[in-house]
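What follows is the content of target03.cif, which has mmCIF, C-alpha atoms; chains and numbers go by the auth columns:
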data_upload
loop_
_atom_site.group_PDB
_atom_site.id
_atom_site.type_symbol
_atom_site.label_atom_id
_atom_site.label_comp_id
_atom_site.label_asym_id
_atom_site.label_seq_id
_atom_site.Cartn_x
_atom_site.Cartn_y
_atom_site.Cartn_z
_atom_site.B_iso_or_equiv
_atom_site.auth_seq_id
_atom_site.auth_asym_id
ATOM 1 C CA MET A 1 -5.347 -7.112 -1.598 0.00 656 A
ATOM 2 C CA ILE A 2 -5.673 -7.445 2.155 0.00 657 A
ATOM 3 C CA ILE A 3 -6.091 -3.891 3.450 0.00 658 A
ATOM 4 C CA LYS A 4 -5.771 -4.944 7.108 0.00 659 A
ATOM 5 C CA LYS A 5 -2.253 -6.244 6.335 0.00 660 A
ATOM 6 C CA ILE A 6 -1.268 -2.847 4.892 0.00 661 A
ATOM 7 C CA ILE A 7 -2.440 -1.250 8.132 0.00 662 A
ATOM 8 C CA ASP A 8 -0.443 -3.835 10.124 0.00 663 A
ATOM 9 C CA VAL A 9 2.722 -2.989 8.157 0.00 664 A
ATOM 10 C CA CYS A 10 2.209 0.733 8.826 0.00 665 A
ATOM 11 C CA LYS A 11 1.451 0.137 12.513 0.00 666 A
ATOM 12 C CA LYS A 12 4.617 -1.920 12.918 0.00 667 A
ATOM 13 C CA LYS A 13 6.721 0.898 11.430 0.00 668 A
ATOM 14 C CA LYS A 14 4.586 3.506 13.256 0.00 669 A
ATOM 15 C CA THR A 15 4.361 5.374 9.964 0.00 670 A
ATOM 16 C CA PHE A 16 1.324 6.177 7.834 0.00 671 A
ATOM 17 C CA VAL A 17 1.978 8.183 4.673 0.00 672 A
ATOM 18 C CA LEU A 18 -1.145 8.774 2.605 0.00 673 A
ATOM 19 C CA CYS A 19 -0.598 9.940 -0.998 0.00 674 A
ATOM 20 C CA GLU A 20 -2.901 10.526 -3.936 0.00 675 A
ATOM 21 C CA ASP A 21 -2.349 9.763 -7.600 0.00 676 A
ATOM 22 C CA GLU A 22 -3.575 11.871 -10.539 0.00 677 A
ATOM 23 C CA ASN A 23 -6.829 9.848 -10.638 0.00 678 A
ATOM 24 C CA GLY A 24 -7.663 10.530 -6.987 0.00 679 A
ATOM 25 C CA VAL A 25 -6.729 7.019 -5.827 0.00 680 A
ATOM 26 C CA GLN A 26 -5.100 7.079 -2.417 0.00 681 A
ATOM 27 C CA TRP A 27 -1.955 5.053 -1.722 0.00 682 A
ATOM 28 C CA LEU A 28 -0.753 4.137 1.766 0.00 683 A
ATOM 29 C CA SER A 29 2.904 3.740 2.712 0.00 684 A
ATOM 30 C CA ASP A 30 5.005 2.771 5.703 0.00 685 A
ATOM 31 C CA GLY A 31 7.943 4.674 4.187 0.00 686 A
ATOM 32 C CA THR A 32 9.358 1.534 2.532 0.00 687 A
ATOM 33 C CA ALA A 33 6.446 0.163 0.509 0.00 688 A
ATOM 34 C CA ILE A 34 3.351 1.837 -0.895 0.00 689 A
ATOM 35 C CA PHE A 35 -0.002 0.237 -1.787 0.00 690 A
ATOM 36 C CA PRO A 36 -3.081 1.579 -3.629 0.00 691 A
ATOM 37 C CA LEU A 37 -6.333 1.729 -1.700 0.00 692 A
ATOM 38 C CA TYR A 38 -8.603 0.872 -4.641 0.00 693 A
ATOM 39 C CA GLY A 39 -12.329 1.001 -3.990 0.00 694 A
ATOM 40 C CA LEU A 40 -12.064 2.519 -0.518 0.00 695 A
ATOM 41 C CA PRO A 41 -13.413 5.846 0.705 0.00 696 A
ATOM 42 C CA GLN A 42 -11.064 8.817 0.898 0.00 697 A
ATOM 43 C CA PHE A 43 -9.138 8.832 4.173 0.00 698 A
ATOM 44 C CA CYS A 44 -7.568 11.470 6.343 0.00 699 A
ATOM 45 C CA GLU A 45 -5.625 10.933 9.566 0.00 700 A
ATOM 46 C CA GLU A 46 -8.736 10.796 11.740 0.00 701 A
ATOM 47 C CA THR A 47 -10.734 8.466 9.494 0.00 702 A
ATOM 48 C CA ILE A 48 -7.934 6.009 8.809 0.00 703 A
ATOM 49 C CA PHE A 49 -7.239 5.594 12.523 0.00 704 A
ATOM 50 C CA ARG A 50 -10.945 5.319 13.356 0.00 705 A
ATOM 51 C CA THR A 51 -11.749 2.918 10.502 0.00 706 A
ATOM 52 C CA PHE A 52 -8.965 0.528 11.448 0.00 707 A
ATOM 53 C CA ASP A 53 -9.492 0.741 15.228 0.00 708 A
ATOM 54 C CA ILE A 54 -6.193 2.341 16.171 0.00 709 A
ATOM 55 C CA PRO A 55 -6.646 3.655 19.721 0.00 710 A
ATOM 56 C CA GLU A 56 -5.735 7.244 20.537 0.00 711 A
ATOM 57 C CA LYS A 57 -2.903 6.072 22.789 0.00 712 A
ATOM 58 C CA GLN A 58 -1.289 4.299 19.794 0.00 713 A
ATOM 59 C CA GLN A 59 -2.091 7.183 17.440 0.00 714 A
ATOM 60 C CA ASN A 60 0.072 9.493 19.539 0.00 715 A
ATOM 61 C CA LYS A 61 3.061 7.211 18.843 0.00 716 A
ATOM 62 C CA MET A 62 2.454 7.138 15.075 0.00 717 A
ATOM 63 C CA HIS A 63 3.802 9.438 12.399 0.00 718 A
ATOM 64 C CA PHE A 64 1.093 10.438 9.922 0.00 719 A
ATOM 65 C CA SER A 65 1.449 12.601 6.834 0.00 720 A
ATOM 66 C CA HIS A 66 -0.857 13.284 3.926 0.00 721 A
ATOM 67 C CA LYS A 67 0.825 14.207 0.651 0.00 722 A
ATOM 68 C CA PRO A 68 -1.044 15.536 -2.384 0.00 723 A
ATOM 69 C CA ALA A 69 1.005 13.440 -4.840 0.00 724 A
ATOM 70 C CA LEU A 70 2.904 10.168 -5.134 0.00 725 A
ATOM 71 C CA PRO A 71 6.695 10.215 -4.753 0.00 726 A
ATOM 72 C CA SER A 72 7.988 11.510 -8.091 0.00 727 A
ATOM 73 C CA ASP A 73 11.143 9.387 -8.274 0.00 728 A
ATOM 74 C CA PHE A 74 9.167 6.127 -8.664 0.00 729 A
ATOM 75 C CA ASN A 75 7.110 5.106 -11.677 0.00 730 A
ATOM 76 C CA PHE A 76 3.534 4.231 -10.686 0.00 731 A
ATOM 77 C CA LYS A 77 2.347 3.201 -14.134 0.00 732 A
ATOM 78 C CA ASP A 78 1.153 -0.368 -14.627 0.00 733 A
ATOM 79 C CA TYR A 79 3.830 -0.837 -17.265 0.00 734 A
ATOM 80 C CA PHE A 80 7.351 0.553 -17.123 0.00 735 A
ATOM 81 C CA PRO A 81 9.686 0.153 -20.117 0.00 736 A
ATOM 82 C CA GLY A 82 12.690 -1.924 -19.128 0.00 737 A
ATOM 83 C CA GLU A 83 11.120 -3.573 -16.085 0.00 738 A
ATOM 84 C CA LYS A 84 12.208 -7.171 -15.613 0.00 739 A
ATOM 85 C CA GLU A 85 10.553 -10.003 -13.732 0.00 740 A
ATOM 86 C CA CYS A 86 12.610 -11.193 -10.759 0.00 741 A
ATOM 87 C CA ALA A 87 13.022 -14.777 -9.649 0.00 742 A
ATOM 88 C CA ARG A 88 12.726 -15.423 -5.924 0.00 743 A
ATOM 89 C CA GLN A 89 15.397 -17.682 -4.519 0.00 744 A
ATOM 90 C CA PHE A 90 14.217 -18.824 -1.079 0.00 745 A
ATOM 91 C CA GLN A 91 13.111 -17.375 2.234 0.00 746 A
ATOM 92 C CA LEU A 92 15.792 -16.226 4.631 0.00 747 A
ATOM 93 C CA ILE A 93 15.777 -14.926 8.171 0.00 748 A
ATOM 94 C CA ALA A 94 18.490 -12.292 8.475 0.00 749 A
ATOM 95 C CA GLY A 95 18.845 -10.996 12.005 0.00 750 A
ATOM 96 C CA ALA A 96 15.341 -10.265 13.220 0.00 751 A
ATOM 97 C CA SER A 97 13.974 -9.855 9.707 0.00 752 A
ATOM 98 C CA ASP A 98 12.255 -12.392 7.510 0.00 753 A
ATOM 99 C CA THR A 99 13.500 -11.532 4.030 0.00 754 A
ATOM 100 C CA LEU A 100 12.967 -12.783 0.504 0.00 755 A
ATOM 101 C CA PRO A 101 15.945 -12.642 -1.857 0.00 756 A
ATOM 102 C CA TYR A 102 15.307 -11.893 -5.530 0.00 757 A
ATOM 103 C CA ASN A 103 17.721 -12.120 -8.452 0.00 758 A
ATOM 104 C CA THR A 104 18.009 -8.726 -10.150 0.00 759 A
ATOM 105 C CA THR A 105 20.279 -7.148 -12.728 0.00 760 A
ATOM 106 C CA GLN A 106 22.116 -5.574 -9.772 0.00 761 A
ATOM 107 C CA GLY A 107 22.612 -8.879 -7.940 0.00 762 A
ATOM 108 C CA ILE A 108 20.544 -10.226 -5.068 0.00 763 A
ATOM 109 C CA LYS A 109 18.142 -7.719 -3.507 0.00 764 A
ATOM 110 C CA PHE A 110 15.859 -8.412 -0.547 0.00 765 A
ATOM 111 C CA ILE A 111 12.230 -7.664 0.291 0.00 766 A
ATOM 112 C CA HIS A 112 10.825 -7.802 3.822 0.00 767 A
ATOM 113 C CA SER A 113 8.295 -10.640 3.691 0.00 768 A
ATOM 114 C CA GLU A 114 5.813 -8.461 5.611 0.00 769 A
ATOM 115 C CA HIS A 115 5.547 -6.194 2.557 0.00 770 A
ATOM 116 C CA LEU A 116 4.133 -9.071 0.529 0.00 771 A
ATOM 117 C CA LEU A 117 1.520 -10.055 3.150 0.00 772 A
ATOM 118 C CA PRO A 118 -1.030 -7.508 1.845 0.00 773 A
ATOM 119 C CA LEU A 119 -0.710 -9.248 -1.528 0.00 774 A
ATOM 120 C CA ALA A 120 -1.139 -12.806 -0.211 0.00 775 A
ATOM 121 C CA ASP A 121 -4.530 -13.216 -1.894 0.00 776 A
ATOM 122 C CA THR A 122 -3.293 -11.891 -5.238 0.00 777 A
ATOM 123 C CA PRO A 123 -3.505 -14.310 -8.149 0.00 778 A
ATOM 124 C CA GLN A 124 -0.421 -14.488 -10.353 0.00 779 A
ATOM 125 C CA LEU A 125 1.673 -12.137 -8.222 0.00 780 A
ATOM 126 C CA THR A 126 4.802 -11.071 -10.069 0.00 781 A
ATOM 127 C CA ILE A 127 7.724 -9.110 -8.648 0.00 782 A
ATOM 128 C CA CYS A 128 9.503 -6.940 -11.206 0.00 783 A
ATOM 129 C CA GLU A 129 12.552 -4.758 -10.871 0.00 784 A
ATOM 130 C CA ARG A 130 12.434 -1.163 -11.972 0.00 785 A
ATOM 131 C CA VAL A 131 15.277 1.328 -11.920 0.00 786 A
ATOM 132 C CA LYS A 132 15.082 5.031 -11.077 0.00 787 A
ATOM 133 C CA GLU A 133 16.914 7.647 -13.124 0.00 788 A
ATOM 134 C CA ASP A 134 19.757 7.647 -10.583 0.00 789 A
ATOM 135 C CA GLY A 135 20.228 3.876 -11.023 0.00 790 A
ATOM 136 C CA THR A 136 18.532 2.885 -7.757 0.00 791 A
ATOM 137 C CA LEU A 137 16.588 -0.349 -8.059 0.00 792 A
ATOM 138 C CA TYR A 138 13.104 -0.840 -6.591 0.00 793 A
ATOM 139 C CA PHE A 139 10.415 -3.497 -6.937 0.00 794 A
ATOM 140 C CA ALA A 140 6.975 -3.359 -8.540 0.00 795 A
ATOM 141 C CA ALA A 141 4.502 -6.001 -7.345 0.00 796 A
ATOM 142 C CA LYS A 142 1.950 -6.766 -10.039 0.00 797 A
ATOM 143 C CA SER A 143 -0.953 -9.038 -10.836 0.00 798 A
ATOM 144 C CA GLY A 144 -0.989 -9.429 -14.574 0.00 799 A
ATOM 145 C CA PHE A 145 -0.482 -5.910 -15.860 0.00 800 A
ATOM 146 C CA VAL A 146 -1.868 -4.145 -12.765 0.00 801 A
ATOM 147 C CA LEU A 147 0.542 -2.474 -10.343 0.00 802 A
ATOM 148 C CA LEU A 148 -0.302 -3.364 -6.726 0.00 803 A
ATOM 149 C CA ALA A 149 2.702 -2.054 -4.810 0.00 804 A
ATOM 150 C CA ILE A 150 6.039 -0.329 -5.015 0.00 805 A
ATOM 151 C CA ILE A 151 8.581 -1.800 -2.592 0.00 806 A
ATOM 152 C CA THR A 152 12.097 -0.581 -1.885 0.00 807 A
ATOM 153 C CA PRO A 153 14.729 -3.248 -1.220 0.00 808 A
ATOM 154 C CA PHE A 154 15.830 -4.044 2.314 0.00 809 A
ATOM 155 C CA ASP A 155 19.588 -3.642 2.659 0.00 810 A
ATOM 156 C CA VAL A 156 20.779 -6.671 4.586 0.00 811 A
ATOM 157 C CA ILE A 157 24.074 -7.205 2.774 0.00 812 A
ATOM 158 C CA THR A 158 27.112 -6.609 4.968 0.00 813 A
ATOM 159 C CA GLU A 159 30.526 -8.224 5.108 0.00 814 A
ATOM 160 C CA GLU A 160 29.391 -10.300 8.096 0.00 815 A
ATOM 161 C CA PHE A 161 26.196 -11.393 6.320 0.00 816 A
ATOM 162 C CA THR A 162 28.123 -12.345 3.182 0.00 817 A
ATOM 163 C CA GLU A 163 30.597 -14.386 5.252 0.00 818 A
ATOM 164 C CA GLN A 164 27.739 -16.168 7.032 0.00 819 A
ATOM 165 C CA LEU A 165 26.184 -17.078 3.666 0.00 820 A
ATOM 166 C CA ARG A 166 29.542 -18.284 2.368 0.00 821 A
ATOM 167 C CA ASN A 167 29.927 -20.533 5.427 0.00 822 A
ATOM 168 C CA PHE A 168 26.339 -21.707 5.071 0.00 823 A
ATOM 169 C CA SER A 169 26.953 -22.564 1.414 0.00 824 A
ATOM 170 C CA LEU A 170 30.091 -24.545 2.292 0.00 825 A
ATOM 171 C CA ALA A 171 28.195 -26.439 5.006 0.00 826 A
ATOM 172 C CA CYS A 172 25.397 -27.239 2.505 0.00 827 A
ATOM 173 C CA GLU A 173 27.929 -28.505 -0.031 0.00 828 A
ATOM 174 C CA LYS A 174 29.511 -30.725 2.627 0.00 829 A
ATOM 175 C CA ALA A 175 26.109 -32.064 3.733 0.00 830 A
ATOM 176 C CA PHE A 176 25.110 -32.757 0.130 0.00 831 A
ATOM 177 C CA ASP A 177 28.413 -34.510 -0.564 0.00 832 A
ATOM 178 C CA ASN A 178 27.919 -36.683 2.527 0.00 833 A
ATOM 179 C CA LYS A 179 24.355 -37.447 1.432 0.00 834 A
ATOM 180 C CA ARG A 180 25.586 -38.592 -1.997 0.00 835 A
ATOM 181 C CA LYS A 181 28.260 -40.762 -0.390 0.00 836 A
ATOM 182 C CA GLN A 182 25.634 -42.320 1.893 0.00 837 A
ATOM 183 C CA GLU A 183 23.338 -42.995 -1.075 0.00 838 A
ATOM 184 C CA ILE A 184 26.185 -44.652 -3.002 0.00 839 A
ATOM 185 C CA PHE A 185 27.101 -46.709 0.062 0.00 840 A
ATOM 186 C CA SER A 186 23.453 -47.759 0.527 0.00 841 A
ATOM 187 C CA GLU A 187 23.201 -48.782 -3.143 0.00 842 A
ATOM 188 C CA GLN A 188 26.406 -50.823 -2.918 0.00 843 A
ATOM 189 C CA LYS A 189 25.185 -52.495 0.262 0.00 844 A
ATOM 190 C CA LYS A 190 21.986 -53.583 -1.540 0.00 845 A
ATOM 191 C CA LEU A 191 24.046 -55.333 -4.213 0.00 846 A
ATOM 192 C CA PHE A 192 25.599 -57.754 -1.691 0.00 847 A
#
If you convert what's in this file into structure tokens, what do you get?
Amino acid sequence: MIIKKIIDVCKKKKTFVLCEDENGVQWLSDGTAIFPLYGLPQFCEETIFRTFDIPEKQQNKMHFSHKPALPSDFNFKDYFPGEKECARQFQLIAGASDTLPYNTTQGIKFIHSEHLLPLADTPQLTICERVKEDGTLYFAAKSGFVLLAIITPFDVITEEFTEQLRNFSLACEKAFDNKRKQEIFSEQKKLF
């Protein structure tokens, strides 16, 4: 896990939420994703800003909170009954956001690509869907059986977005059809 990338995600959102699990491991969140800080010293507001060279001028623009427990509506266990591995489709830039669509049991859901940057060095990274008691879907990023992050989906789906994808799909179909026609024409030309 690349700790500096977790800090970058939090700096971008101007939000640092530090939580602790029942084993005393601290987790750091930007309010949308949360990552364990395995093997690091215990942080507080002052030490996290000092350790990661966040100047006082920037600190004043950041929201920091320290919570004694992890959010109770998510499951932070390495294994969660009913979790399902998600297949990633492709990378997509939606508006100003670089998003990654995943197939889930609730249809396509998106993750901000920046939330996977801290996990870039993770071997065998798997994204699984988990569902809260109220039916809300969230993602668990894992390496093998070890939980490395909880990530909430990014809601990019609007009527306009869906229409743009529909038009994009039609344009791709047309381009592919033209490509096939060109290939057939080229093959026929070779015969003569």
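Here the PyMOL selection byres ((chain A and resi 716-721) around 7) captures the residues Lys669, Thr670, Phe671, Val672, Leu673, Cys674, Glu700, Gln713, Gln714, Asn715, Lys722 and Pro723 of chain A.
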List, as a ChimeraX atom specification, every residue that the PyMOL selection byres ((chain A and resi 706) around 12) selects in the file provided.
/A:658-659,662,695-705,707-710
Length of the atom CA of Leu820 of chain A to atom CA of Thr760 of chain A vector [Å]:
20.1 Å
I'd like the contact shell of His767 of chain A - 8 Å cut-off, only C-alpha atoms, skipping same-chain residues fewer than 3 positions apart - returned as a PDB file with C-alpha atoms, in the frame of the given file.
ATOM      1  CA  SER A 752      13.974  -9.855   9.707  1.00  0.00           C
ATOM      2  CA  ASP A 753      12.255 -12.392   7.510  1.00  0.00           C
ATOM      3  CA  THR A 754      13.500 -11.532   4.030  1.00  0.00           C
ATOM      4  CA  LEU A 755      12.967 -12.783   0.504  1.00  0.00           C
ATOM      5  CA  HIS A 770       5.547  -6.194   2.557  1.00  0.00           C
ATOM      6  CA  LEU A 771       4.133  -9.071   0.529  1.00  0.00           C
ATOM      7  CA  PRO A 808      14.729  -3.248  -1.220  1.00  0.00           C
ATOM      8  CA  PHE A 809      15.830  -4.044   2.314  1.00  0.00           C
TER       9      PHE A 809
END
Counting all atoms listed in the file, which residues come within 12 Å of (14.8, -4.6, -15.2), with the point read in the file's coordinates, and could you list them as number ranges by chain?
A: 734-742, 758-762, 782-787, 790-795
Could you write out the selected residues, including C-alpha atoms, as a PDB file, in the frame of the given file?
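Result file is selection.pdb:
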ATOM      1  CA  TYR A 734       3.830  -0.837 -17.265  1.00  0.00           C
ATOM      2  CA  PHE A 735       7.351   0.553 -17.123  1.00  0.00           C
ATOM      3  CA  PRO A 736       9.686   0.153 -20.117  1.00  0.00           C
ATOM      4  CA  GLY A 737      12.690  -1.924 -19.128  1.00  0.00           C
ATOM      5  CA  GLU A 738      11.120  -3.573 -16.085  1.00  0.00           C
ATOM      6  CA  LYS A 739      12.208  -7.171 -15.613  1.00  0.00           C
ATOM      7  CA  GLU A 740      10.553 -10.003 -13.732  1.00  0.00           C
ATOM      8  CA  CYS A 741      12.610 -11.193 -10.759  1.00  0.00           C
ATOM      9  CA  ALA A 742      13.022 -14.777  -9.649  1.00  0.00           C
ATOM     10  CA  ASN A 758      17.721 -12.120  -8.452  1.00  0.00           C
ATOM     11  CA  THR A 759      18.009  -8.726 -10.150  1.00  0.00           C
ATOM     12  CA  THR A 760      20.279  -7.148 -12.728  1.00  0.00           C
ATOM     13  CA  GLN A 761      22.116  -5.574  -9.772  1.00  0.00           C
ATOM     14  CA  GLY A 762      22.612  -8.879  -7.940  1.00  0.00           C
ATOM     15  CA  ILE A 782       7.724  -9.110  -8.648  1.00  0.00           C
ATOM     16  CA  CYS A 783       9.503  -6.940 -11.206  1.00  0.00           C
ATOM     17  CA  GLU A 784      12.552  -4.758 -10.871  1.00  0.00           C
ATOM     18  CA  ARG A 785      12.434  -1.163 -11.972  1.00  0.00           C
ATOM     19  CA  VAL A 786      15.277   1.328 -11.920  1.00  0.00           C
ATOM     20  CA  LYS A 787      15.082   5.031 -11.077  1.00  0.00           C
ATOM     21  CA  GLY A 790      20.228   3.876 -11.023  1.00  0.00           C
ATOM     22  CA  THR A 791      18.532   2.885  -7.757  1.00  0.00           C
ATOM     23  CA  LEU A 792      16.588  -0.349  -8.059  1.00  0.00           C
ATOM     24  CA  TYR A 793      13.104  -0.840  -6.591  1.00  0.00           C
ATOM     25  CA  PHE A 794      10.415  -3.497  -6.937  1.00  0.00           C
ATOM     26  CA  ALA A 795       6.975  -3.359  -8.540  1.00  0.00           C
TER      27      ALA A 795
END
Report, in Å to a single decimal, how far apart atom CA of Cys827 of chain A and atom CA of Ser841 of chain A are.
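We find that atom CA of Ser841 of chain A and atom CA of Cys827 of chain A lie 20.7 Å from each other.
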Which polymer residues have any atom within 9 Å of an atom of Ile805 of chain A, counting all atoms listed in the file, with same-chain residues fewer than 5 positions away left out, as a list in words?
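Using all atoms listed in the file, the neighbours found are Thr687, Ala688, Ile689, Phe690, Phe729, Asn730, Phe731, Tyr793, Phe794, Ala795 and Ala796 of chain A.
With distances taken over all atoms listed in the file, A:Ser684 is the one residue among A:Gln843, A:Gln819, A:Ser727, A:Ser684 lying closest to Thr807 of chain A.
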Could you list, as a PyMOL selection string, every residue matched by the PyMOL selection byres ((chain A and resi 756) around 6) in this structure?
chain A and resi 743-744+755+757+764-765
Using all atoms listed in the file, which protein or nucleic acid residues come within 10 Å of Gln779 of chain A? Drop anything in the same chain fewer than 2 positions from it, and give the result as a PyMOL selection string.
chain A and resi 776-777+781-782+797-799
Mind pulling up the distance from atom CA of Gln681 of chain A to atom CA of Asp810 of chain A?
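Computed distance, atom CA of Asp810 of chain A to atom CA of Gln681 of chain A, equals 27.4 Å.
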With distances taken over all atoms listed in the file, which residue among A:Val680, A:Phe800, A:Pro691, A:Phe831 lies nearest Leu774 of chain A?
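Checking each candidate against Leu774 of chain A, we get A:Pro691 as the closest.
With all atoms listed in the file taken into account, the protein and nucleic acid residues at most 9 Å from Lys668 of chain A (excluding it and anything under 5 positions from it in its own chain) are Asp663, Asp685, Gly686 and Met717 of chain A.
Distance annotation: of A:Val664, A:Tyr693, A:Ala830, A:Ile839, the residue with the minimal separation from Val801 of chain A is A:Tyr693; atom set is only C-alpha atoms.
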Considering all atoms listed in the file, can you say which of A:Glu769, A:Glu675, A:Glu711, A:Glu838 comes closest to Ala724 of chain A?
A:Glu675
Draw an axis-aligned box over all listed atoms of segment 722-730 of chain A, pad each side with 8 Å, and write its centre and edge lengths in Å, one decimal, as lines of an AutoDock Vina configuration file.
center_x = 5.0
center_y = 10.3
center_z = -5.5
size_x = 28.2
size_y = 26.4
size_z = 28.3
